[in-house]
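Raw structure07.txt, compact mmCIF, C-alpha atoms and all ligand atoms:
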# COMPACT_ATOMS: atom_id res chain seq x y z
CA MET B 27 115.41 77.34 122.04
CA ASN B 28 118.88 77.90 120.71
CA LYS B 29 121.00 79.42 123.45
CA ARG B 30 124.11 79.78 121.32
CA GLN B 31 125.52 82.85 119.64
CA THR B 32 125.17 82.85 115.87
CA THR B 33 126.25 84.82 112.82
CA ILE B 34 125.48 84.71 109.09
CA ASN B 35 127.14 81.97 107.08
CA ARG B 36 128.43 84.20 104.26
CA ILE B 37 128.82 87.83 103.20
CA PHE B 38 126.00 89.39 101.16
CA LYS B 39 124.81 92.79 99.96
CA LEU B 40 121.39 94.37 99.72
CA SER B 41 120.35 97.74 98.26
CA GLY B 42 117.25 99.87 98.50
CA ILE B 43 115.91 103.39 98.91
CA GLY B 44 116.00 105.28 102.22
CA LEU B 45 112.49 106.31 103.23
CA HIS B 46 113.46 109.78 104.38
CA THR B 47 116.50 110.63 102.24
CA GLY B 48 115.08 109.04 99.06
CA ARG B 49 118.63 107.94 98.19
CA GLU B 50 119.84 104.47 97.31
CA VAL B 51 121.70 102.79 100.15
CA THR B 52 123.70 99.55 100.07
CA LEU B 53 124.14 97.29 103.06
CA GLU B 54 126.94 94.76 103.27
CA PHE B 55 126.43 92.01 105.84
CA ILE B 56 129.63 90.56 107.32
CA PRO B 57 129.84 87.57 109.71
CA ARG B 58 131.02 88.63 113.18
CA ARG B 59 132.78 86.64 115.90
CA GLU B 60 132.14 89.27 118.59
CA PHE B 61 128.76 89.35 120.33
CA GLY B 62 126.07 91.72 119.08
CA ILE B 63 124.77 93.45 115.96
CA ALA B 64 126.65 96.60 114.91
CA PHE B 65 126.60 99.02 111.98
CA VAL B 66 129.66 100.59 110.37
CA TYR B 67 129.06 103.96 108.71
CA GLN B 68 131.91 106.07 107.33
CA GLY B 69 134.39 104.03 109.35
CA GLN B 70 132.51 104.49 112.62
CA LEU B 71 131.33 101.38 114.49
CA ILE B 72 127.85 101.94 115.97
CA PRO B 73 126.51 99.08 118.12
CA ALA B 74 122.78 98.53 117.51
CA ARG B 75 122.15 98.85 121.23
CA TYR B 76 119.57 100.73 123.31
CA ASP B 77 122.22 102.96 124.90
CA MET B 78 123.35 104.16 121.45
CA VAL B 79 119.81 105.23 120.47
CA ALA B 80 119.89 108.98 119.79
CA ASP B 81 116.54 109.76 118.15
CA THR B 82 113.17 107.98 118.25
CA ARG B 83 110.82 110.48 116.58
CA LEU B 84 110.20 108.85 113.19
CA SER B 85 112.31 105.73 113.52
CA THR B 86 114.94 104.29 115.81
CA GLN B 87 118.27 106.02 115.15
CA ILE B 88 121.60 105.03 116.68
CA ALA B 89 124.63 107.28 116.81
CA ALA B 90 128.29 107.32 117.88
CA ASP B 91 130.92 110.02 117.51
CA GLY B 92 128.77 112.25 115.30
CA LYS B 93 127.76 109.48 112.84
CA SER B 94 124.23 108.12 112.86
CA VAL B 95 122.16 105.39 111.22
CA SER B 96 118.38 105.61 111.31
CA THR B 97 115.43 103.27 110.69
CA ILE B 98 117.24 100.22 112.09
CA GLU B 99 114.10 98.64 113.60
CA HIS B 100 112.88 96.45 110.71
CA LEU B 101 116.36 95.06 110.09
CA MET B 102 116.76 94.40 113.82
CA ALA B 103 113.47 92.49 113.80
CA ALA B 104 114.74 90.44 110.83
CA PHE B 105 117.89 89.56 112.81
CA TYR B 106 115.73 88.61 115.78
CA TYR B 107 113.50 86.35 113.70
CA SER B 108 116.52 84.80 111.95
CA GLY B 109 118.11 83.94 115.30
CA ILE B 110 121.27 85.92 114.41
CA THR B 111 123.01 87.46 117.44
CA ASN B 112 126.33 88.63 115.93
CA CYS B 113 126.70 90.56 112.64
CA LEU B 114 128.39 93.63 111.18
CA VAL B 115 126.35 95.75 108.75
CA TYR B 116 128.39 98.14 106.59
CA ILE B 117 126.13 100.90 105.31
CA ASP B 118 126.96 103.65 102.78
CA GLY B 119 124.23 106.08 103.84
CA PRO B 120 122.68 107.39 107.07
CA GLU B 121 119.47 105.36 106.79
CA VAL B 122 118.65 101.65 106.44
CA PRO B 123 116.63 101.18 103.20
CA ILE B 124 112.89 100.87 103.64
CA MET B 125 112.54 97.99 101.10
CA ASP B 126 108.80 97.12 100.89
CA GLY B 127 108.07 98.72 104.29
CA SER B 128 108.35 95.41 106.12
CA ALA B 129 111.22 93.19 107.33
CA TRP B 130 110.58 90.55 104.68
CA GLU B 131 113.50 91.13 102.29
CA PHE B 132 116.01 91.43 105.12
CA TYR B 133 114.69 88.23 106.65
CA HIS B 134 114.71 86.41 103.33
CA GLU B 135 118.31 87.40 102.50
CA ILE B 136 119.58 86.46 105.97
CA TRP B 137 117.79 83.14 105.63
CA ARG B 138 119.47 82.57 102.22
CA ALA B 139 122.89 83.32 103.71
CA GLY B 140 122.29 80.74 106.45
CA VAL B 141 123.20 80.64 110.13
CA TYR B 142 126.60 79.82 111.62
CA GLU B 143 126.60 78.75 115.26
CA PHE B 144 129.31 79.53 117.83
CA PRO B 145 129.82 77.53 121.06
CA GLU B 146 129.26 80.59 123.28
CA THR B 147 125.93 81.14 125.01
CA GLY B 148 124.54 84.26 126.72
CA VAL B 149 121.95 85.31 124.15
CA TYR B 150 118.85 85.57 126.40
CA LEU B 151 117.76 88.35 128.68
CA LYS B 152 115.20 87.11 131.16
CA VAL B 153 113.10 89.78 132.83
CA LEU B 154 112.94 89.08 136.59
CA ARG B 155 110.76 91.95 137.85
CA PRO B 156 107.88 93.92 136.31
CA VAL B 157 109.01 97.11 134.57
CA GLU B 158 106.70 99.72 133.07
CA VAL B 159 107.07 103.07 131.31
CA SER B 160 104.34 105.41 130.11
CA HIS B 161 103.78 108.70 128.35
CA ASN B 162 100.28 110.24 128.34
CA ASP B 163 97.93 107.33 127.46
CA ALA B 164 100.68 105.25 125.87
CA TRP B 165 102.50 102.61 127.89
CA VAL B 166 104.55 99.45 127.62
CA ARG B 167 105.34 96.99 130.39
CA VAL B 168 107.05 93.66 130.81
CA LYS B 169 106.61 90.95 133.43
CA PRO B 170 108.60 87.78 134.07
CA LEU B 171 107.80 84.84 131.76
CA ASN B 172 109.89 82.03 130.25
CA THR B 173 109.00 82.92 126.64
CA LEU B 174 108.46 86.17 124.75
CA ASP B 175 104.74 86.92 124.65
CA ILE B 176 103.54 90.22 123.18
CA THR B 177 100.15 91.91 123.35
CA MET B 178 99.83 95.15 121.36
CA THR B 179 96.94 97.61 121.20
CA ILE B 180 96.84 100.53 118.75
CA GLU B 181 94.20 103.17 118.21
CA PHE B 182 93.92 105.55 115.27
CA ARG B 183 91.08 107.32 113.57
CA PRO B 184 88.82 105.17 111.31
CA PRO B 185 89.24 103.06 109.26
CA VAL B 186 92.01 101.75 111.54
CA GLY B 187 90.14 102.16 114.82
CA LYS B 188 91.26 100.10 117.80
CA GLN B 189 93.22 96.96 117.01
CA ARG B 190 94.61 94.46 119.45
CA LYS B 191 96.76 91.44 118.89
CA ARG B 192 98.42 88.87 121.09
CA LEU B 193 101.44 87.07 119.73
CA MET B 194 102.38 84.02 121.73
CA ASP B 195 104.44 82.22 119.12
CA VAL B 196 106.91 85.04 118.58
CA GLU B 197 109.51 82.69 117.15
CA ASN B 198 107.54 81.91 114.02
CA ALA B 199 105.37 84.62 112.53
CA VAL B 200 105.51 85.41 108.81
CA SER B 201 102.48 87.68 109.17
CA ILE B 202 104.52 89.94 111.47
CA ILE B 203 107.69 89.90 109.35
CA ASN B 204 105.93 91.02 106.15
CA SER B 205 103.51 93.56 107.61
CA ARG B 206 104.32 97.02 106.25
CA THR B 207 104.80 100.38 107.88
CA PHE B 208 101.83 102.75 107.57
CA VAL B 209 101.07 106.45 107.50
CA LEU B 210 97.95 108.60 107.59
CA HIS B 211 97.65 110.57 104.35
CA GLU B 212 97.18 113.87 106.23
CA GLU B 213 100.53 113.33 107.98
CA ILE B 214 102.46 112.95 104.73
CA GLU B 215 102.44 116.65 103.86
CA ALA B 216 103.80 117.67 107.25
CA ILE B 217 106.52 115.02 107.07
CA ARG B 218 107.45 116.11 103.50
CA LYS B 219 107.56 119.77 104.57
CA ALA B 220 110.11 118.76 107.17
CA GLY B 221 112.21 117.46 104.25
CA LEU B 222 111.55 113.82 105.14
CA ALA B 223 109.86 110.79 103.50
CA LYS B 224 111.39 111.68 100.11
CA GLY B 225 111.55 107.98 99.26
CA GLY B 226 108.05 107.20 100.53
CA SER B 227 105.49 105.72 98.14
CA LEU B 228 102.66 103.23 97.94
CA ASP B 229 105.39 100.64 97.21
CA ASN B 230 106.85 100.88 100.72
CA ALA B 231 104.07 101.98 103.05
CA VAL B 232 100.39 101.45 103.68
CA VAL B 233 98.77 104.87 103.18
CA ILE B 234 95.46 105.55 104.90
CA GLY B 235 93.46 108.35 103.23
CA GLY B 236 90.03 109.32 104.53
CA GLU B 237 88.13 106.12 105.27
CA GLU B 238 90.15 103.86 103.00
CA ILE B 239 93.48 102.26 102.28
CA LEU B 240 94.98 104.00 99.21
CA ASN B 241 97.24 101.11 98.13
CA PRO B 242 95.74 99.42 95.04
CA ASN B 243 96.04 95.94 96.57
CA GLY B 244 94.85 96.99 100.02
CA LEU B 245 96.23 95.35 103.14
CA ARG B 246 98.22 92.12 103.30
CA TYR B 247 96.38 91.13 106.49
CA LYS B 248 93.32 92.43 108.24
CA LYS B 249 95.59 93.19 111.22
CA GLU B 250 98.58 94.36 109.17
CA LEU B 251 98.85 97.68 111.03
CA VAL B 252 98.94 96.24 114.55
CA ASN B 253 101.19 93.47 113.20
CA HIS B 254 103.63 96.13 112.02
CA LYS B 255 103.63 97.78 115.43
CA ILE B 256 104.60 94.40 116.90
CA LEU B 257 107.39 94.16 114.29
CA ASP B 258 108.68 97.59 115.35
CA LEU B 259 108.50 96.56 119.02
CA ILE B 260 110.42 93.31 118.39
CA GLY B 261 113.09 95.23 116.46
CA ASP B 262 113.36 97.84 119.20
CA LEU B 263 113.45 95.22 121.99
CA PHE B 264 116.29 93.44 120.22
CA THR B 265 118.41 96.56 120.78
CA CYS B 266 118.65 95.34 124.37
CA GLY B 267 121.36 93.19 122.74
CA TYR B 268 119.68 89.93 123.70
CA ARG B 269 116.60 87.85 122.95
CA MET B 270 114.15 89.01 125.60
CA LEU B 271 112.04 86.61 127.64
CA GLY B 272 109.02 88.21 129.25
CA LYS B 273 105.36 89.00 128.92
CA VAL B 274 105.19 92.33 127.11
CA GLU B 275 101.98 94.35 127.02
CA ALA B 276 101.83 97.60 125.07
CA ASN B 277 99.28 100.30 124.39
CA LYS B 278 100.01 102.80 121.59
CA THR B 279 103.71 102.40 122.21
CA GLY B 280 106.38 103.58 119.77
CA HIS B 281 110.14 103.84 119.40
CA TYR B 282 110.47 106.38 122.23
CA LEU B 283 108.73 104.30 124.90
CA ASN B 284 110.26 101.05 123.62
CA ASN B 285 113.69 102.56 124.21
CA ARG B 286 112.76 103.94 127.62
CA LEU B 287 111.56 100.48 128.67
CA LEU B 288 115.01 99.04 127.93
CA ARG B 289 116.77 101.86 129.77
CA GLU B 290 114.50 101.21 132.76
CA ILE B 291 115.22 97.47 132.71
CA PHE B 292 118.99 98.05 132.60
CA ALA B 293 118.83 100.74 135.29
CA ASP B 294 118.71 97.99 137.95
CA PRO B 295 120.69 94.72 137.60
CA ASP B 296 118.04 92.98 139.72
CA ASN B 297 115.53 93.47 136.88
CA TYR B 298 117.09 90.85 134.60
CA ALA B 299 119.40 87.91 134.14
CA ILE B 300 121.49 86.99 131.09
CA TYR B 301 122.04 83.38 130.08
ZN ZN L 401 108.16 100.19 111.34
Please re-express this file's structure in structure tokens.
Amino acid sequence: MNKRQTTINRIFKLSGIGLHTGREVTLEFIPRREFGIAFVYQGQLIPARYDMVADTRLSTQIAADGKSVSTIEHLMAAFYYSGITNCLVYIDGPEVPIMDGSAWEFYHEIWRAGVYEFPETGVYLKVLRPVEVSHNDAWVRVKPLNTLDITMTIEFRPPVGKQRKRLMDVENAVSIINSRTFVLHEEIEAIRKAGLAKGGSLDNAVVIGGEEILNPNGLRYKKELVNHKILDLIGDLFTCGYRMLGKVEANKTGHYLNNRLLREIFADPDNYAIY
């Protein structure tokens, strides 16, 4: 395991459509000496950190001084998987582009830019005591462990049903990185009525209508939906600012509970150690 801080090896840009605004957004990735991932929107620096999270209803949104950036979770997962701990992301819109609905393009572009290693350490957060948060029948908990080990359970109406997946080799999982976001067809109208998902299409989400998947090519993996929930969780956990070490078990969790788990961990310094 690499314990050193890292950044990207060169500047690069990436454009795409925002899922909710439907507008084209360009991201410019800049190497950073200072620790952590942060966005810059309209001149405002917004650290991609759990305590900056302002809204978790449809995506994870961070905000500072009246400026916000939403849907950061897939990009955060791409940083996690790339091993990047320090980076500035200049963004010219309020929402990270949805790309193909997964973290694949972000991951691929970061990989192409390469990794630059600093001598400084302090990139791991080791969980020292069990922490759990819940809401109705949804919960997420973490126990001490020397690696990151994730077990996720989701349950939706058929054809999704109940899906469970354990991911022990979190460091190396293409099938997580390129699993797409998904939506039930009956939810789309309500989301659109709220003025959201203007950029949504079969090109950037798995759409489940009735008993079937409406995308012409179907799913990328039999467990693509639970895989994507793990991707979201990894992206959200990385807003702790560190690479988490612990055994994470989750049932129907989402951005809201993922954020509450981090707030609970940081509420007591005896819950964790940084190294
Ligand atoms: Zn997602």
Please list as an MDAnalysis selection string every residue within 8 Å of Ser94 in chain B, counting only C-alpha atoms and excluding residues in the same chain fewer than 3 positions away. chainID B and resid 67 72 87:90 120
Within 8 Å of ligand ZN 401 (chain L), which residues of chain B come that close, and what is the closest atom pair and distance in Å for each? Count only C-alpha atoms and all ligand atoms and give it as CSV.
residue,atom,partner,partner_atom,distance
B:Ser85,CA,L:ZN401,ZN,7.3
B:Thr97,CA,L:ZN401,ZN,7.9
B:Glu99,CA,L:ZN401,ZN,6.5
B:His100,CA,L:ZN401,ZN,6.1
B:Gly127,CA,L:ZN401,ZN,7.2
B:Ser128,CA,L:ZN401,ZN,7.1
B:Arg206,CA,L:ZN401,ZN,7.1
B:Thr207,CA,L:ZN401,ZN,4.8
B:Phe208,CA,L:ZN401,ZN,7.8
B:His254,CA,L:ZN401,ZN,6.1
B:Lys255,CA,L:ZN401,ZN,6.6
B:Leu257,CA,L:ZN401,ZN,6.8
B:Asp258,CA,L:ZN401,ZN,4.8
Contacts of Asp175 in chain B at 7 Å (only C-alpha atoms; same-chain gap of 2+ positions) as a ChimeraX atom specification: /B:173,177,193-194,196,272-274
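Distance cut-off 10 Å, centre (131.3, 92.7, 119.7), atoms counted only C-alpha atoms; the residues meeting this are Arg58, Arg59, Glu60, Phe61, Gly62, Ile63, Ala64, Pro73, Asn112, Cys113 and Leu114 of chain B.
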Find, counting all atoms listed in the file, the residue in B:Leu71, B:Cys266, B:Met125, B:Ala80 that gets nearest to Leu228 in chain B.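 Residue with the minimum atom-to-atom distance to Leu228 in chain B: B:Met125.
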Interatomic distance, CA of Pro145 in chain B to CA of Gln31 in chain B (Å, one decimal):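 Interatomic distance, CA of Pro145 in chain B to CA of Gln31 in chain B: 7.0 Å.
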How many Å lie between CA of Gly44 in chain B and CA of Pro123 in chain B, rounded to one decimal? 4.3 Å
Quick one: residues within 8 Å of Lys249 in chain B, all atoms listed in the file, excluding same-chain residues fewer than 2 positions away - as a list of chain:residue names?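 Answer for this query is B:Gln189, B:Lys191, B:Tyr247, B:Leu251, B:Val252, B:Asn253.
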Which is closest to Phe55 in chain B among B:Tyr76, B:Phe292, B:Tyr116, B:Tyr106, if we use only C-alpha atoms?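 Checking each candidate against Phe55 in chain B, we get B:Tyr116 as the closest.
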Taking 2 positions as the minimum chain separation for residues in the same chain, which residues sit within 9 Å of Pro185 in chain B when counting all atoms listed in the file? Answer as a list in words.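 Near Pro185 in chain B, the qualifying residues are Phe182, Arg183, Gly187, Ile234, Gly236, Glu237, Glu238 and Ile239 of chain B.
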Nearest candidate to Leu287 in chain B (options B:Pro156, B:Gly140, B:Gly119, B:Gly48; using only C-alpha atoms):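 For Leu287 in chain B, the nearest of the given residues is B:Pro156.
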Using CA of Ile256 in chain B and CA of Ile202 in chain B as the two end points, give the distance in Å to one decimal.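 Those two atoms sit 7.0 Å apart.
For the choices B:Asn172, B:Asn241, B:Thr279, B:Asn285, the atom-to-atom distance to Thr265 in chain B is smallest for B:Asn285 when using all atoms listed in the file.
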Residues near Thr86 in chain B, anyone? I mean within 9 Å using only C-alpha atoms, not counting same-chain ones fewer than 3 positions away, as a list of chain:residue names. B:Val79, B:Ala80, B:Asp81, B:Thr82, B:Arg83, B:Val95, B:Ser96, B:Thr97, B:Ile98, B:Glu99, B:Asp262, B:His281, B:Tyr282, B:Asn285
Give, as AutoDock Vina command-line options, the centre coordinates and the x, y and z edge lengths in Å to one decimal for an axis-aligned box around all listed atoms of range 130-135 of chain B, padded by 8 Å on each side.
--center_x 114.4 --center_y 88.9 --center_z 104.5 --size_x 23.7 --size_y 21.0 --size_z 20.4
Residue among B:Val168, B:Val209, B:Leu222, B:Val200 lying closest to Val153 in chain B, counting all atoms listed in the file: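 Under the stated criterion, the closest residue is B:Val168.
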